[in-house]
Structures are given as C-alpha cells and as structure tokens.
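Structure file start.pdb with PDB, C-alpha atoms, pLDDT in the B column:
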ATOM      1  CA  MET A1328       5.179 -15.819  -9.475  1.00 86.00           C
ATOM      2  CA  GLU A1329       8.587 -16.442 -11.002  1.00 88.00           C
ATOM      3  CA  LYS A1330       6.956 -16.339 -14.443  1.00 90.00           C
ATOM      4  CA  LEU A1331       5.368 -12.968 -13.585  1.00 94.00           C
ATOM      5  CA  ARG A1332       8.774 -11.644 -12.536  1.00 95.00           C
ATOM      6  CA  ARG A1333      10.316 -12.735 -15.848  1.00 95.00           C
ATOM      7  CA  GLU A1334       7.477 -11.287 -17.923  1.00 96.00           C
ATOM      8  CA  VAL A1335       7.582  -7.909 -16.148  1.00 96.00           C
ATOM      9  CA  GLN A1336      11.328  -7.751 -16.806  1.00 96.00           C
ATOM     10  CA  ARG A1337      10.952  -8.779 -20.458  1.00 96.00           C
ATOM     11  CA  LEU A1338       7.972  -6.605 -21.349  1.00 95.00           C
ATOM     12  CA  PHE A1339       8.575  -3.478 -19.297  1.00 96.00           C
ATOM     13  CA  GLY A1340      12.217  -3.582 -18.219  1.00 95.00           C
ATOM     14  CA  ILE A1341      11.222  -3.600 -14.543  1.00 96.00           C
ATOM     15  CA  GLN A1342      13.053  -5.815 -12.042  1.00 96.00           C
ATOM     16  CA  LEU A1343      10.563  -6.646  -9.315  1.00 97.00           C
ATOM     17  CA  THR A1344      11.945  -6.777  -5.783  1.00 97.00           C
ATOM     18  CA  ALA A1345      11.114  -9.641  -3.449  1.00 97.00           C
ATOM     19  CA  LYS A1346       8.767  -7.303  -1.576  1.00 97.00           C
ATOM     20  CA  GLN A1347       6.939  -6.294  -4.770  1.00 97.00           C
ATOM     21  CA  LEU A1348       6.638  -9.899  -5.914  1.00 97.00           C
ATOM     22  CA  GLY A1349       5.245 -10.798  -2.495  1.00 97.00           C
ATOM     23  CA  ALA A1350       2.684  -8.005  -2.791  1.00 98.00           C
ATOM     24  CA  PHE A1351       1.453  -9.376  -6.113  1.00 97.00           C
ATOM     25  CA  GLU A1352       1.220 -12.854  -4.560  1.00 97.00           C
ATOM     26  CA  VAL A1353      -0.957 -11.509  -1.730  1.00 97.00           C
ATOM     27  CA  TYR A1354      -3.024  -9.517  -4.258  1.00 97.00           C
ATOM     28  CA  GLU A1355      -3.661 -12.650  -6.322  1.00 96.00           C
ATOM     29  CA  GLN A1356      -4.713 -14.670  -3.279  1.00 95.00           C
ATOM     30  CA  GLU A1357      -7.006 -11.991  -1.880  1.00 95.00           C
ATOM     31  CA  LEU A1358      -8.635 -11.409  -5.274  1.00 95.00           C
ATOM     32  CA  THR A1359      -9.211 -15.143  -5.686  1.00 93.00           C
ATOM     33  CA  ASP A1360     -10.705 -15.431  -2.205  1.00 92.00           C
ATOM     34  CA  TRP A1361     -13.028 -12.442  -2.624  1.00 92.00           C
ATOM     35  CA  ASN A1362     -14.073 -13.559  -6.092  1.00 89.00           C
ATOM     36  CA  SER A1363     -15.352 -16.804  -4.598  1.00 84.00           C
ATOM     37  CA  ARG A1364     -17.857 -14.737  -2.580  1.00 87.00           C
ATOM     38  CA  PHE A1365     -18.406 -11.588  -4.628  1.00 84.00           C
ATOM     39  CA  ASN A1366     -18.365 -10.899  -8.355  1.00 78.00           C
ATOM     40  CA  LEU A1367     -15.427  -8.500  -8.380  1.00 81.00           C
ATOM     41  CA  THR A1368     -14.055  -9.528 -11.759  1.00 80.00           C
ATOM     42  CA  ALA A1369     -14.907 -12.039 -14.469  1.00 75.00           C
ATOM     43  CA  ILE A1370     -11.234 -13.062 -14.642  1.00 72.00           C
ATOM     44  CA  ARG A1371     -10.759 -15.756 -12.018  1.00 71.00           C
ATOM     45  CA  ASP A1372      -7.997 -18.230 -12.883  1.00 77.00           C
ATOM     46  CA  ARG A1373      -4.515 -17.352 -11.686  1.00 82.00           C
ATOM     47  CA  ASP A1374      -2.782 -17.267 -15.074  1.00 83.00           C
ATOM     48  CA  SER A1375      -5.395 -14.848 -16.401  1.00 86.00           C
ATOM     49  CA  ILE A1376      -5.162 -12.697 -13.263  1.00 90.00           C
ATOM     50  CA  ARG A1377      -1.410 -12.370 -13.781  1.00 91.00           C
ATOM     51  CA  CYS A1378      -1.678 -11.541 -17.479  1.00 90.00           C
ATOM     52  CA  LYS A1379      -4.983  -9.716 -17.938  1.00 89.00           C
ATOM     53  CA  HIS A1380      -4.875  -7.851 -14.634  1.00 93.00           C
ATOM     54  CA  PHE A1381      -1.282  -7.524 -13.424  1.00 95.00           C
ATOM     55  CA  LEU A1382       0.629  -7.328 -16.711  1.00 96.00           C
ATOM     56  CA  ASP A1383      -2.117  -5.295 -18.353  1.00 96.00           C
ATOM     57  CA  SER A1384      -2.027  -2.785 -15.487  1.00 97.00           C
ATOM     58  CA  LEU A1385       1.760  -2.609 -15.557  1.00 97.00           C
ATOM     59  CA  SER A1386       1.724  -1.869 -19.285  1.00 97.00           C
ATOM     60  CA  CYS A1387       0.985   1.712 -18.172  1.00 97.00           C
ATOM     61  CA  THR A1388       4.638   1.924 -17.097  1.00 97.00           C
ATOM     62  CA  LEU A1389       5.587   2.045 -20.786  1.00 96.00           C
ATOM     63  CA  VAL A1390       4.243   5.601 -20.662  1.00 96.00           C
ATOM     64  CA  LEU A1391       4.861   6.499 -17.012  1.00 95.00           C
ATOM     65  CA  LYS A1392       8.397   5.239 -16.408  1.00 88.00           C
ATOM     66  CA  ASP A1393      10.151   8.271 -17.916  1.00 79.00           C
ATOM     67  CA  ASN A1394       8.241  10.584 -15.567  1.00 81.00           C
ATOM     68  CA  PRO A1395       6.706   8.639 -12.640  1.00 88.00           C
ATOM     69  CA  PRO A1396       3.660  10.474 -11.274  1.00 92.00           C
ATOM     70  CA  ASN A1397       3.578  12.164  -7.897  1.00 96.00           C
ATOM     71  CA  ARG A1398      -0.238  12.111  -7.815  1.00 98.00           C
ATOM     72  CA  LEU A1399      -2.371   9.666  -9.783  1.00 98.00           C
ATOM     73  CA  ILE A1400      -6.120   9.053  -9.753  1.00 98.00           C
ATOM     74  CA  ASP A1401      -7.658   5.810 -11.027  1.00 98.00           C
ATOM     75  CA  ILE A1402     -11.293   6.169 -12.105  1.00 97.00           C
ATOM     76  CA  GLY A1403     -13.523   3.085 -12.130  1.00 95.00           C
ATOM     77  CA  THR A1404     -10.746   1.096 -10.474  1.00 96.00           C
ATOM     78  CA  GLY A1405     -12.881  -1.992  -9.813  1.00 94.00           C
ATOM     79  CA  ALA A1406     -10.662  -4.436  -7.923  1.00 94.00           C
ATOM     80  CA  GLY A1407      -7.794  -1.931  -7.996  1.00 96.00           C
ATOM     81  CA  PHE A1408      -6.672  -1.990 -11.627  1.00 96.00           C
ATOM     82  CA  PRO A1409      -4.475  -0.406 -12.776  1.00 97.00           C
ATOM     83  CA  GLY A1410      -3.926   1.777  -9.695  1.00 98.00           C
ATOM     84  CA  ILE A1411      -2.742  -0.726  -7.088  1.00 98.00           C
ATOM     85  CA  PRO A1412      -0.239  -2.554  -9.342  1.00 98.00           C
ATOM     86  CA  LEU A1413       1.182   0.867 -10.259  1.00 98.00           C
ATOM     87  CA  LYS A1414       1.399   1.781  -6.566  1.00 98.00           C
ATOM     88  CA  ILE A1415       3.373  -1.421  -5.935  1.00 98.00           C
ATOM     89  CA  ILE A1416       5.829  -0.346  -8.650  1.00 97.00           C
ATOM     90  CA  TYR A1417       5.891   3.337  -7.596  1.00 97.00           C
ATOM     91  CA  PRO A1418       5.608   3.210  -3.770  1.00 96.00           C
ATOM     92  CA  LYS A1419       6.230   6.952  -3.318  1.00 95.00           C
ATOM     93  CA  MET A1420       3.283   7.863  -5.546  1.00 97.00           C
ATOM     94  CA  SER A1421       0.138   9.370  -3.998  1.00 98.00           C
ATOM     95  CA  LEU A1422      -2.843   7.381  -5.279  1.00 98.00           C
ATOM     96  CA  VAL A1423      -6.603   7.934  -5.310  1.00 98.00           C
ATOM     97  CA  LEU A1424      -8.821   4.975  -6.230  1.00 98.00           C
ATOM     98  CA  VAL A1425     -12.422   5.717  -7.242  1.00 97.00           C
ATOM     99  CA  ASP A1426     -15.329   3.363  -7.874  1.00 96.00           C
ATOM    100  CA  SER A1427     -19.107   3.638  -7.647  1.00 94.00           C
ATOM    101  CA  VAL A1428     -19.628  -0.003  -6.558  1.00 94.00           C
ATOM    102  CA  GLY A1429     -19.492  -0.508  -2.804  1.00 94.00           C
ATOM    103  CA  LYS A1430     -18.105  -4.064  -2.751  1.00 95.00           C
ATOM    104  CA  LYS A1431     -15.249  -3.100  -5.032  1.00 95.00           C
ATOM    105  CA  VAL A1432     -14.411  -0.128  -2.829  1.00 97.00           C
ATOM    106  CA  GLU A1433     -14.524  -2.429   0.204  1.00 97.00           C
ATOM    107  CA  PHE A1434     -12.111  -4.874  -1.452  1.00 96.00           C
ATOM    108  CA  CYS A1435      -9.684  -2.088  -2.344  1.00 97.00           C
ATOM    109  CA  ARG A1436      -9.698  -0.841   1.251  1.00 98.00           C
ATOM    110  CA  HIS A1437      -9.088  -4.362   2.519  1.00 97.00           C
ATOM    111  CA  LEU A1438      -6.226  -4.932   0.089  1.00 97.00           C
ATOM    112  CA  VAL A1439      -4.542  -1.578   0.741  1.00 98.00           C
ATOM    113  CA  ASN A1440      -4.586  -2.364   4.469  1.00 98.00           C
ATOM    114  CA  LYS A1441      -3.341  -5.907   3.853  1.00 97.00           C
ATOM    115  CA  LEU A1442      -0.431  -4.654   1.737  1.00 98.00           C
ATOM    116  CA  GLU A1443       0.230  -1.768   4.156  1.00 97.00           C
ATOM    117  CA  LEU A1444       0.267   0.768   1.328  1.00 98.00           C
ATOM    118  CA  ASP A1445       0.487   4.400   2.413  1.00 97.00           C
ATOM    119  CA  ARG A1446      -0.635   7.573   0.644  1.00 97.00           C
ATOM    120  CA  VAL A1447      -3.685   5.838  -0.825  1.00 98.00           C
ATOM    121  CA  GLU A1448      -7.180   7.353  -0.710  1.00 98.00           C
ATOM    122  CA  ILE A1449     -10.163   5.182  -1.682  1.00 98.00           C
ATOM    123  CA  LEU A1450     -13.431   6.874  -2.609  1.00 98.00           C
ATOM    124  CA  HIS A1451     -16.920   5.499  -3.156  1.00 97.00           C
ATOM    125  CA  SER A1452     -17.904   8.140  -5.690  1.00 96.00           C
ATOM    126  CA  ARG A1453     -18.443   9.048  -9.330  1.00 94.00           C
ATOM    127  CA  ALA A1454     -15.935  10.871 -11.488  1.00 95.00           C
ATOM    128  CA  GLU A1455     -18.446  13.541 -12.477  1.00 95.00           C
ATOM    129  CA  ASP A1456     -18.877  14.556  -8.828  1.00 96.00           C
ATOM    130  CA  LEU A1457     -15.146  14.572  -8.044  1.00 95.00           C
ATOM    131  CA  GLY A1458     -14.372  16.666 -11.096  1.00 96.00           C
ATOM    132  CA  GLN A1459     -16.349  19.571  -9.625  1.00 96.00           C
ATOM    133  CA  LEU A1460     -14.732  19.413  -6.162  1.00 96.00           C
ATOM    134  CA  PRO A1461     -11.865  21.887  -5.526  1.00 96.00           C
ATOM    135  CA  THR A1462     -10.059  19.160  -3.563  1.00 95.00           C
ATOM    136  CA  HIS A1463      -9.791  17.003  -6.679  1.00 97.00           C
ATOM    137  CA  ARG A1464     -10.343  19.207  -9.723  1.00 97.00           C
ATOM    138  CA  GLU A1465      -7.114  19.737 -11.697  1.00 97.00           C
ATOM    139  CA  GLN A1466      -5.059  18.297  -8.827  1.00 97.00           C
ATOM    140  CA  PHE A1467      -3.425  15.248 -10.431  1.00 98.00           C
ATOM    141  CA  ASP A1468      -0.410  14.562 -12.635  1.00 97.00           C
ATOM    142  CA  TRP A1469      -2.167  11.594 -14.205  1.00 98.00           C
ATOM    143  CA  ALA A1470      -5.700  10.255 -14.397  1.00 98.00           C
ATOM    144  CA  VAL A1471      -6.020   6.664 -15.593  1.00 98.00           C
ATOM    145  CA  ALA A1472      -8.901   4.342 -16.434  1.00 97.00           C
ATOM    146  CA  ARG A1473      -9.349   0.859 -17.809  1.00 92.00           C
ATOM    147  CA  ALA A1474     -12.535  -0.460 -19.435  1.00 79.00           C
ATOM    148  CA  VAL A1475     -14.713   2.310 -17.976  1.00 85.00           C
ATOM    149  CA  ALA A1476     -16.382   4.062 -20.937  1.00 89.00           C
ATOM    150  CA  ASN A1477     -15.908   4.989 -24.573  1.00 93.00           C
ATOM    151  CA  LEU A1478     -13.271   7.683 -24.960  1.00 94.00           C
ATOM    152  CA  PRO A1479     -15.639  10.583 -25.871  1.00 93.00           C
ATOM    153  CA  THR A1480     -17.254  10.003 -22.462  1.00 94.00           C
ATOM    154  CA  LEU A1481     -14.073   9.083 -20.623  1.00 96.00           C
ATOM    155  CA  VAL A1482     -12.252  12.323 -21.434  1.00 97.00           C
ATOM    156  CA  GLU A1483     -15.028  14.212 -19.637  1.00 97.00           C
ATOM    157  CA  TYR A1484     -14.463  12.030 -16.581  1.00 97.00           C
ATOM    158  CA  LEU A1485     -10.672  12.326 -16.580  1.00 98.00           C
ATOM    159  CA  LEU A1486      -9.480  15.644 -18.014  1.00 98.00           C
ATOM    160  CA  PRO A1487     -11.159  17.843 -15.353  1.00 98.00           C
ATOM    161  CA  LEU A1488      -9.134  15.989 -12.691  1.00 98.00           C
ATOM    162  CA  VAL A1489      -5.734  16.631 -14.260  1.00 98.00           C
ATOM    163  CA  ARG A1490      -3.615  19.742 -13.811  1.00 98.00           C
ATOM    164  CA  ILE A1491      -2.393  21.701 -16.829  1.00 98.00           C
ATOM    165  CA  GLY A1492       0.811  19.973 -17.858  1.00 97.00           C
ATOM    166  CA  GLY A1493      -0.508  16.620 -16.688  1.00 97.00           C
ATOM    167  CA  ALA A1494      -2.057  13.887 -18.791  1.00 97.00           C
ATOM    168  CA  ILE A1495      -4.636  11.141 -18.931  1.00 97.00           C
ATOM    169  CA  LEU A1496      -4.012   7.518 -19.860  1.00 98.00           C
ATOM    170  CA  ALA A1497      -6.869   5.347 -21.102  1.00 97.00           C
ATOM    171  CA  GLN A1498      -6.316   1.615 -21.503  1.00 97.00           C
ATOM    172  CA  LYS A1499      -8.217   0.493 -24.579  1.00 95.00           C
ATOM    173  CA  GLY A1500      -8.774  -2.568 -26.749  1.00 93.00           C
ATOM    174  CA  GLU A1501      -8.712  -2.873 -30.507  1.00 93.00           C
ATOM    175  CA  ASN A1502     -11.087   0.096 -30.927  1.00 93.00           C
ATOM    176  CA  GLY A1503      -8.593   2.439 -29.275  1.00 94.00           C
ATOM    177  CA  PRO A1504      -7.564   4.303 -32.467  1.00 95.00           C
ATOM    178  CA  ALA A1505     -11.182   4.740 -33.593  1.00 95.00           C
ATOM    179  CA  GLU A1506     -12.208   5.978 -30.136  1.00 94.00           C
ATOM    180  CA  ALA A1507      -9.328   8.461 -30.072  1.00 95.00           C
ATOM    181  CA  HIS A1508     -10.517   9.860 -33.402  1.00 94.00           C
ATOM    182  CA  ALA A1509     -14.131  10.028 -32.183  1.00 92.00           C
ATOM    183  CA  ALA A1510     -13.021  11.900 -29.053  1.00 95.00           C
ATOM    184  CA  GLU A1511     -11.072  14.634 -30.859  1.00 95.00           C
ATOM    185  CA  ASN A1512     -13.748  17.298 -30.401  1.00 94.00           C
ATOM    186  CA  ALA A1513     -14.425  16.470 -26.754  1.00 95.00           C
ATOM    187  CA  THR A1514     -10.684  16.356 -26.030  1.00 97.00           C
ATOM    188  CA  ARG A1515     -10.175  19.819 -27.497  1.00 96.00           C
ATOM    189  CA  MET A1516     -13.209  21.279 -25.687  1.00 95.00           C
ATOM    190  CA  LEU A1517     -11.934  19.999 -22.335  1.00 97.00           C
ATOM    191  CA  GLY A1518      -8.388  21.347 -22.675  1.00 97.00           C
ATOM    192  CA  GLY A1519      -6.673  18.222 -23.971  1.00 98.00           C
ATOM    193  CA  ARG A1520      -4.569  17.215 -26.955  1.00 98.00           C
ATOM    194  CA  LEU A1521      -3.842  13.690 -28.127  1.00 97.00           C
ATOM    195  CA  ARG A1522      -0.172  12.853 -27.596  1.00 96.00           C
ATOM    196  CA  GLN A1523       0.111   9.280 -28.824  1.00 94.00           C
ATOM    197  CA  LEU A1524      -1.382   5.810 -29.033  1.00 96.00           C
ATOM    198  CA  TYR A1525       0.919   3.086 -27.736  1.00 94.00           C
ATOM    199  CA  LYS A1526       0.253  -0.438 -28.957  1.00 94.00           C
ATOM    200  CA  VAL A1527       0.663  -3.070 -26.248  1.00 94.00           C
ATOM    201  CA  GLU A1528       1.205  -6.779 -26.757  1.00 91.00           C
ATOM    202  CA  LEU A1529       0.627  -9.169 -23.858  1.00 91.00           C
ATOM    203  CA  PRO A1530       1.518 -12.882 -23.825  1.00 90.00           C
ATOM    204  CA  GLY A1531      -1.455 -15.058 -24.691  1.00 82.00           C
ATOM    205  CA  VAL A1532      -3.716 -12.093 -25.488  1.00 84.00           C
ATOM    206  CA  VAL A1533      -4.770 -12.117 -29.131  1.00 83.00           C
ATOM    207  CA  GLU A1534      -6.689  -8.846 -29.310  1.00 87.00           C
ATOM    208  CA  ASP A1535      -4.814  -5.567 -29.742  1.00 89.00           C
ATOM    209  CA  ARG A1536      -4.365  -3.329 -26.712  1.00 93.00           C
ATOM    210  CA  TYR A1537      -3.651   0.410 -26.743  1.00 96.00           C
ATOM    211  CA  LEU A1538      -2.621   3.080 -24.295  1.00 97.00           C
ATOM    212  CA  VAL A1539      -4.244   6.363 -25.338  1.00 97.00           C
ATOM    213  CA  VAL A1540      -2.326   9.309 -23.887  1.00 97.00           C
ATOM    214  CA  ILE A1541      -3.845  12.798 -23.897  1.00 98.00           C
ATOM    215  CA  ASP A1542      -1.991  15.847 -22.558  1.00 98.00           C
ATOM    216  CA  LYS A1543      -3.791  18.549 -20.585  1.00 98.00           C
ATOM    217  CA  ILE A1544      -2.758  21.817 -22.271  1.00 98.00           C
ATOM    218  CA  ALA A1545      -5.478  24.221 -21.067  1.00 98.00           C
ATOM    219  CA  ALA A1546      -7.925  24.567 -18.197  1.00 98.00           C
ATOM    220  CA  THR A1547     -11.159  22.610 -18.489  1.00 97.00           C
ATOM    221  CA  PRO A1548     -14.189  24.951 -18.785  1.00 97.00           C
ATOM    222  CA  PRO A1549     -15.997  25.143 -15.421  1.00 96.00           C
ATOM    223  CA  GLN A1550     -19.246  23.585 -16.675  1.00 96.00           C
ATOM    224  CA  TYR A1551     -17.456  20.255 -17.185  1.00 97.00           C
ATOM    225  CA  PRO A1552     -17.829  17.555 -16.104  1.00 97.00           C
ATOM    226  CA  ARG A1553     -21.590  17.702 -16.343  1.00 95.00           C
ATOM    227  CA  ARG A1554     -23.663  16.068 -13.625  1.00 94.00           C
ATOM    228  CA  ALA A1555     -23.555  12.327 -13.065  1.00 92.00           C
ATOM    229  CA  GLY A1556     -24.924  10.257 -15.925  1.00 93.00           C
ATOM    230  CA  ILE A1557     -24.965  12.994 -18.564  1.00 95.00           C
ATOM    231  CA  PRO A1558     -21.524  12.334 -20.130  1.00 94.00           C
ATOM    232  CA  SER A1559     -22.420   8.699 -20.840  1.00 93.00           C
ATOM    233  CA  LYS A1560     -25.896   9.478 -22.168  1.00 94.00           C
ATOM    234  CA  ASN A1561     -24.861  12.491 -24.229  1.00 93.00           C
ATOM    235  CA  PRO A1562     -21.111  12.496 -25.071  1.00 92.00           C
ATOM    236  CA  LEU A1563     -19.734  15.869 -26.060  1.00 90.00           C
ATOM    237  CA  ASP A1564     -18.976  14.794 -29.630  1.00 73.00           C
ATOM    238  CA  LEU A1565     -22.631  13.933 -30.068  1.00 57.00           C
ATOM    239  CA  THR A1566     -23.990  17.042 -28.372  1.00 50.00           C
ATOM    240  CA  PRO A1567     -25.898  19.276 -30.837  1.00 45.00           C
ATOM    241  CA  VAL A1568     -24.216  22.632 -31.299  1.00 42.00           C
TER     242      VAL A1568
END
Mind turning this structure into structure tokens?
Amino acid sequence: MEKLRREVQRLFGIQLTAKQLGAFEVYEQELTDWNSRFNLTAIRDRDSIRCKHFLDSLSCTLVLKDNPPNRLIDIGTGAGFPGIPLKIIYPKMSLVLVDSVGKKVEFCRHLVNKLELDRVEILHSRAEDLGQLPTHREQFDWAVARAVANLPTLVEYLLPLVRIGGAILAQKGENGPAEAHAAENATRMLGGRLRQLYKVELPGVVEDRYLVVIDKIAATPPQYPRRAGIPSKNPLDLTPV
C-alpha cells in the first residue's frame, strides 16, 4: 500500500490520508475474496488491482480535481470502478452506482457498508431506464463510465443523466480519439459538446488510456435515451436519417 500512496502522489498530486489508504486496503482484500467465489473482474492479482483498478479509477481526478462533483453517477460500475475510489478521495460527494449484474451490485453494497461510506445509492438497473426517470434525469454534475460501450452508444447512456452545465467522463483505451470522432453526431443530438481528450499514462500499462470529457450544453431531447438495448444495437450515428 505504500507504493500505491507514492504513485497516487506522483501521478495525481493527491496525498492519501491514513484513513483513505486503509479503505483501499480493505477494498483490495474484499475484491480478492469475492473474486475467489464470483467472477467480478478478470483482474485478480494485487499489483494489477492497484494499477488497473485503483490508479486507473483515480486518473479521473486529473479532470475532476479543479471542480470536485457534488453529485456523480457511475454507469456500469461493475465492482465499483471508478465510483468507489473517487468516493474515497471525495468523501463529501453524493454517489450513485449503477450496474445490471446482480452479483456486482451485491458486492458494491457489501463494500459500501464495510467502508461505512455515506451518501451512496446503489441501483440494480440499466442506464436507459434511469435516463427517463425524473429522479435521475439531468440531476448529476458528472456521469462517468469505464469499459461499458463504444462512445456513440455511451453518450446516449450518460448525457441524459447530466444537468446542463455538467459533463460526462468516459474512460477509454487507445481507440478513445477515434470513438470521440465517431460520436460527434450523437453528442450534438443529445446536447453535448466535446471538451477535451486527456491522455493518461499508468505505470506498467503499455496501451494508451484516454479520458474523454463532454460538456452538457443543452437539454437532451425527451425521446432519449431510447428503451433498453436500442442504443447498443442502433447507435445514433448509425441511425438512418
């Protein structure tokens, strides 16, 4: 854990407290234990958990640290990434974790209770359904997602959840720039505008990583998101006009 502390300081300029470092230690142990019984994540060894889960999640702070979110929603959170590491860093933040897989939702609930995190809501749901609910539509400062869908699909999941003046953050691999270009039409249709692509370098990770940041500049038309399954089967950029 000392190595994690040093890397977080070096990469992101964040000095982890003893309490935060302890939370990551518990997170690592619980994830390892649950992974021995359930297939929560393909990343299982501790060094990879620290780099490809913890550091990768915390790379979002490169964008968020100048304006920490009051309300953040994490779509397709899986075993809590990047939402729970961000909650450890920003304890005052209100967080909603969303996943459609029951075991992953169960793990997140267990971990949130274990870490005694407050102001966290965990939902067994799909983004398309939440985006049409008044309780969640255009209610968040930030919507984030990691390894959920290609960006032309992902913007339809995320932008309806964000208030005007908010933004979405998609964690992407080496195809990030190409996906951002492919999503230009969908982004515009849904009230968004590309702000920037941030290149991220993580120790021991060869492939390029990107943070794609899209600002919400106008209200999302009420027909979006479409019903569950449609955005992935028929992304807006591919929809015949």
Per-residue nearest contacts of stretch 1450-1497 of chain A to stretch 1506-1513 of chain A (9 Å; only C-alpha atoms) as CSV:
residue,atom,partner,partner_atom,distance
A:Asn1477,CA,A:Glu1506,CA,6.8
A:Leu1478,CA,A:Glu1506,CA,5.6
A:Pro1479,CA,A:Ala1510,CA,4.3
A:Thr1480,CA,A:Ala1510,CA,8.1
A:Leu1481,CA,A:Ala1510,CA,9.0
A:Val1482,CA,A:Ala1513,CA,7.1
A:Glu1483,CA,A:Ala1513,CA,7.5
Go ahead and write the residues just picked, C-alpha atoms, as a CSV table (one decimal), in the coordinates of the input.
chain,number,residue,atom,x,y,z
A,1477,ASN,CA,-15.9,5.0,-24.6
A,1478,LEU,CA,-13.3,7.7,-25.0
A,1479,PRO,CA,-15.6,10.6,-25.9
A,1480,THR,CA,-17.3,10.0,-22.5
A,1481,LEU,CA,-14.1,9.1,-20.6
A,1482,VAL,CA,-12.3,12.3,-21.4
A,1483,GLU,CA,-15.0,14.2,-19.6
Return as CSV the residues of stretch 1476-1532 of chain A lying at most 12 Å from stretch 1423-1439 of chain A, together with the closest atom-to-atom pair for each and the distance in Å to one decimal, counting all atoms listed in the file, with rows in chain order and ascending residue number.
residue,atom,partner,partner_atom,distance
A:Tyr1484,CA,A:Val1425,CA,11.5
A:Leu1485,CA,A:Val1425,CA,11.6
A:Leu1488,CA,A:Val1423,CA,11.2
Go ahead and save the residues from that selection, with C-alpha atoms, as a short mmCIF file (atom, residue, chain, number, x, y, z; two decimals), in the coordinates of the input.
data_model
loop_
_atom_site.label_atom_id
_atom_site.label_comp_id
_atom_site.auth_asym_id
_atom_site.auth_seq_id
_atom_site.Cartn_x
_atom_site.Cartn_y
_atom_site.Cartn_z
CA TYR A 1484 -14.46 12.03 -16.58
CA LEU A 1485 -10.67 12.33 -16.58
CA LEU A 1488 -9.13 15.99 -12.69
#
Q. Selected by the PyMOL selection byres ((chain A and resi 1351-1365) around 12) in the shown coordinates: which residues, as a ChimeraX atom specification?
A. /A:1328-1332,1335,1343-1350,1366-1378,1380-1382,1384-1385,1405-1408,1411-1416,1428-1431,1433-1443
Each stretch 1408-1501 of chain A residue no farther than 8 Å from stretch 1529-1545 of chain A, nearest pair in Å, only C-alpha atoms, as JSON lines:
{"residue": "A:Leu1486", "atom": "CA", "partner": "A:Lys1543", "partner_atom": "CA", "distance": 6.9}
{"residue": "A:Val1489", "atom": "CA", "partner": "A:Lys1543", "partner_atom": "CA", "distance": 6.9}
{"residue": "A:Arg1490", "atom": "CA", "partner": "A:Lys1543", "partner_atom": "CA", "distance": 6.9}
{"residue": "A:Ile1491", "atom": "CA", "partner": "A:Lys1543", "partner_atom": "CA", "distance": 5.1}
{"residue": "A:Gly1492", "atom": "CA", "partner": "A:Lys1543", "partner_atom": "CA", "distance": 5.5}
{"residue": "A:Gly1493", "atom": "CA", "partner": "A:Lys1543", "partner_atom": "CA", "distance": 5.4}
{"residue": "A:Ala1494", "atom": "CA", "partner": "A:Asp1542", "partner_atom": "CA", "distance": 4.2}
{"residue": "A:Ile1495", "atom": "CA", "partner": "A:Ile1541", "partner_atom": "CA", "distance": 5.3}
{"residue": "A:Leu1496", "atom": "CA", "partner": "A:Val1540", "partner_atom": "CA", "distance": 4.7}
{"residue": "A:Ala1497", "atom": "CA", "partner": "A:Val1539", "partner_atom": "CA", "distance": 5.1}
{"residue": "A:Gln1498", "atom": "CA", "partner": "A:Leu1538", "partner_atom": "CA", "distance": 4.9}
{"residue": "A:Lys1499", "atom": "CA", "partner": "A:Tyr1537", "partner_atom": "CA", "distance": 5.1}
{"residue": "A:Gly1500", "atom": "CA", "partner": "A:Arg1536", "partner_atom": "CA", "distance": 4.5}
{"residue": "A:Glu1501", "atom": "CA", "partner": "A:Asp1535", "partner_atom": "CA", "distance": 4.8}
Only C-alpha atoms, please: the residues just picked out, written as a compact mmCIF listing (two decimals), in the coordinates of the input.
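This went into out-v3.txt:
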# COMPACT_ATOMS: atom_id res chain seq x y z
CA LEU A 1486 -9.48 15.64 -18.01
CA VAL A 1489 -5.73 16.63 -14.26
CA ARG A 1490 -3.62 19.74 -13.81
CA ILE A 1491 -2.39 21.70 -16.83
CA GLY A 1492 0.81 19.97 -17.86
CA GLY A 1493 -0.51 16.62 -16.69
CA ALA A 1494 -2.06 13.89 -18.79
CA ILE A 1495 -4.64 11.14 -18.93
CA LEU A 1496 -4.01 7.52 -19.86
CA ALA A 1497 -6.87 5.35 -21.10
CA GLN A 1498 -6.32 1.62 -21.50
CA LYS A 1499 -8.22 0.49 -24.58
CA GLY A 1500 -8.77 -2.57 -26.75
CA GLU A 1501 -8.71 -2.87 -30.51
As lines of an AutoDock Vina configuration file, please: the centre and edge lengths in Å, to one decimal, of an axis-aligned box enclosing every listed atom of stretch 1543-1556 of chain A with 5 Å added on each side.
center_x = -13.8
center_y = 17.7
center_z = -17.7
size_x = 32.2
size_y = 24.9
size_z = 19.2
Restrict the calculation to all atoms listed in the file, then for each residue of stretch 1337-1377 of chain A with any atom at most 10 Å from an atom of stretch 1389-1404 of chain A give the closest atom pair and their distance in Å to one decimal, rows by chain and rising residue number, as CSV.
residue,atom,partner,partner_atom,distance
A:Leu1338,CA,A:Leu1389,CA,9.0
A:Phe1339,CA,A:Leu1389,CA,6.5
A:Gly1340,CA,A:Leu1389,CA,9.1
A:Ile1341,CA,A:Lys1392,CA,9.5
Output C-alpha atoms of each residue in that selection to a file, as a PDB file, keeping the file's coordinate frame.
ATOM      1  CA  LEU A1338       7.972  -6.605 -21.349  1.00 95.00           C
ATOM      2  CA  PHE A1339       8.575  -3.478 -19.297  1.00 96.00           C
ATOM      3  CA  GLY A1340      12.217  -3.582 -18.219  1.00 95.00           C
ATOM      4  CA  ILE A1341      11.222  -3.600 -14.543  1.00 96.00           C
TER       5      ILE A1341
END
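Counting only C-alpha atoms and comparing A:Ala1555, A:Arg1337, A:Pro1504, A:Leu1450, the residue that lies closest to A:Glu1528 is A:Arg1337.
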Q: Give me, please, the distance in Å between atom CA of A:Gln1336 and atom CA of A:Thr1388, quoted to one decimal.
A: 11.8 Å
Q. Rounded to one decimal in Å, what is the spacing between atom CA of A:Leu1460 and atom CA of A:Pro1548?
A.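 Those two atoms sit 13.8 Å apart.
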Q.
Report, in Å with one decimal, the straight-line distance from atom CA of A:Arg1473 to atom CA of A:Gln1550.
A.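 Going from atom CA of A:Arg1473 over to atom CA of A:Gln1550, I get 24.8 Å.
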